[in-house]
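Enquirer: Please find one structure pasted underneath; my questions will follow.
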Amino acid sequence: MSNSIYNKLLKKEAKLAVVGLGYVGLPIALEFAKKISVIGFDVNEERVEMMQNNIDPSKELESEDFKNSDIQFTADMDELKKAQFFVMAVPTPIDDANLPNLAPLLGATETVAKALKKGDYVVFESTVYPGCTEEDCIPILEKVSGLKFQEDFMVGYSPERINPGDKVHTLQSVVKIVSGCCDESLENIAKTYELVVDAGVHRAASIKVAEAAKIIENTQRDVNISLINELSIIFNKLGINTFDVLEAAGTKWNFLNFSPGLVGGHCIGVDPYYLTHKAQQAGYHSKVITSGRYVNDSMGFYIGKQTVKKILAKGKNIQDSRVLVMGVTFKEDVSDIRNTKVINIVNELKSFQVKVDLVDPHASSEDMKNQYGVSLRESAGSGYDAVIVAVNHAEYTSLTESDFEKMMKDDKGVFVDVKGIFRNKIERLEYWSL
């Protein structure tokens, strides 16, 4: 392997390019840039300019994280052509019909194909269904570049495991799955990732196995949460607090610790649809996964309806009611609003003509307006009939019942605690949680 791509990268005789510099791409690019020479490529020139000034557009990294890095941020195709090892870190969302939207991935694949040369490597990190790399991406690389797969260039798949907002399970500390199209490519890809992943790598049997392993990580979690969400609907009908039940059941050594809640974001709320889509193509209609998705996707509407019922039970006119929703991001302590299910709560309330205000210390009002057509207030007002703490941001956990009482119109206020973080702390307000 003396003249391998890995050794060339190590000696800085070759450059590694990360294509797509979002939540996944930027941390990987900066980590590699501490060891080898990196080109950070993104089509969004505004974002590139921010990164050139040591600013993370996703607000996950500090300017310190950009220091001591051999990296060049660019949106210029000519610069991308200087790389020999390409890491693809573009999003793989779903469309309005919950079908895979491969447009960003296939577009980025075409871009890299234009920069592809003999001896180059392309490694995909985006979450896809088993077979996508070989069936959808490699034909584009061959067609656009005019080169022959395995003869002229190598391909691998190494799924991302970055968890936004998580400072514990980082790129360095989580084992990385790697795969290649042959033994030689697998070794080169594994050694390259070992440069930045202290926890080491797991060499998967094939590209398809690596794709499947990634997609079931999130599918398994999704199905488990859906069971707890369904149980919370049942327990609500039986007048039992779900979190009390989970606390009791959790005393058994092999009870799995999952909580009810909104399942959004660009991983758990998306990935299972990629798998069910591929299963359908293979002639199998998934039942467990699809049922789980249905339950989780309906939780926002369920919370909105329950809030309306609680307000009505107080003898109030629902069309004159005002509700404050605290937190709009897909999870706590991040600014990411992609595929947030909080919007389902808002839409359900609005369908009853309820006036809804939204606040969030992390999210951008402009982004919310562009993506969902609703703006954020600077701060919480008062005179509300109900307050819903939808996301347990650190800024909210220290609030007390009297803080929430000040936000209410009268002493008939309804307090909805989606994640149960104020359990046993609310005595005077009408309290409800999942």
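Every chain in the structure tokens takes a letter, A first, then B, and so on in the order presented; its residues are numbered from 1, and the ligands are numbered from 1 following the presented order.
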Using only C-alpha atoms, which residues sit within 12 Å of Ile421 in chain A once same-chain residues fewer than 2 positions away are excluded, as a PyMOL selection string?
Expert: chain A and resi 243-244+259-261+388-394+396-400+415-419+423-426+431-434
Enquirer: Need the shell around range 220-236 of chain A: protein/DNA/RNA residues with any atom at most 6 Å away, counting only C-alpha atoms. Skip same-chain ones fewer than 3 positions apart. Format as JSON, numbers by chain?
Expert: {"A": [216, 217, 239, 240, 242, 260, 268, 292, 295, 296, 434]}
Enquirer: Write the residues of the selection above to a file with C-alpha atoms, as a PDB file, in the first residue's frame.
Expert:
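Wrote it out as result.pdb, contents follow:
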```
ATOM      1  CA  ILE A 216     -32.065  -0.049  10.657  1.00  0.00           C
ATOM      2  CA  GLU A 217     -30.356   1.944  13.453  1.00  0.00           C
ATOM      3  CA  GLY A 239     -56.096   8.209  33.416  1.00  0.00           C
ATOM      4  CA  ILE A 240     -52.514   7.072  34.130  1.00  0.00           C
ATOM      5  CA  THR A 242     -47.081   7.448  31.143  1.00  0.00           C
ATOM      6  CA  PRO A 260     -43.027   9.178  24.316  1.00  0.00           C
ATOM      7  CA  ILE A 268     -35.517   8.904  12.667  1.00  0.00           C
ATOM      8  CA  GLY A 292     -44.807   2.757  13.752  1.00  0.00           C
ATOM      9  CA  VAL A 295     -48.249   6.472  15.117  1.00  0.00           C
ATOM     10  CA  ASN A 296     -45.220   8.763  15.374  1.00  0.00           C
ATOM     11  CA  LEU A 434     -47.874  12.455  27.008  1.00  0.00           C
TER      12      LEU A 434
END
```
Enquirer: Can you list, as a PyMOL selection string, all residues belonging to range 213-369 of chain A that DSSP tags as strand (DSSP E or B)?
Expert: chain A and resi 322-326+355-359
Enquirer: In terms of the shortest atom-to-atom distance over only C-alpha atoms, which of A:Gln172, A:Ser379, A:Ser364, A:Asn218 is closest to Val328 in chain A?
Expert: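 Smallest distance to Val328 in chain A is found for A:Ser364.
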Enquirer: Using only C-alpha atoms, which residue out of A:Leu262, A:Glu366, A:Val87, A:His285 lies closest to Ile343 in chain A?
Expert: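 Closest residue, counting only C-alpha atoms: A:Leu262.
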Enquirer: Which is closer to Val270 in chain A than all the others in A:Asp96, A:Glu45, A:Glu151, A:Glu332, using only C-alpha atoms?
Expert: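 Closest to Val270 in chain A, using only C-alpha atoms: A:Asp96.
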Enquirer: Would you list the contacts of range 98-113 of chain A as number ranges by chain, taking every protein, DNA or RNA residue within 7 Å and counting only C-alpha atoms, but skipping same-chain residues closer than 4 positions in sequence?
Expert: A: 90-94, 137, 140-141, 144-145, 273-274, 277
Enquirer: Take the residues that were just selected and, keeping C-alpha atoms, output them as a PDB file, in the first residue's frame.
Expert:
```pdb
ATOM      1  CA  VAL A  90     -25.514  15.649   1.382  1.00  0.00           C
ATOM      2  CA  PRO A  91     -29.019  15.280   2.877  1.00  0.00           C
ATOM      3  CA  THR A  92     -31.429  12.546   1.799  1.00  0.00           C
ATOM      4  CA  PRO A  93     -34.908  13.885   2.665  1.00  0.00           C
ATOM      5  CA  ILE A  94     -38.383  12.603   1.827  1.00  0.00           C
ATOM      6  CA  CYS A 137     -25.087   6.632  -7.826  1.00  0.00           C
ATOM      7  CA  ILE A 140     -24.104   8.494 -12.767  1.00  0.00           C
ATOM      8  CA  LEU A 141     -20.403   8.533 -11.839  1.00  0.00           C
ATOM      9  CA  VAL A 144     -20.772  11.660 -16.540  1.00  0.00           C
ATOM     10  CA  SER A 145     -17.058  10.950 -16.021  1.00  0.00           C
ATOM     11  CA  TYR A 273     -39.484   5.533   4.715  1.00  0.00           C
ATOM     12  CA  TYR A 274     -36.379   4.753   2.647  1.00  0.00           C
ATOM     13  CA  HIS A 277     -39.892   2.151  -0.150  1.00  0.00           C
TER      14      HIS A 277
END
```
Enquirer: Within range 251-289 of chain A, find each residue whose DSSP state, derived from the backbone, is helix (DSSP H, G or I), and express the selection as number ranges by chain.
Expert: A: 271-281, 288-289
Enquirer: Between CA of Met299 in chain A and CA of Ser365 in chain A, what is the distance in Å, rounded to a tenth?
Expert: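 Those two atoms sit 23.7 Å apart.
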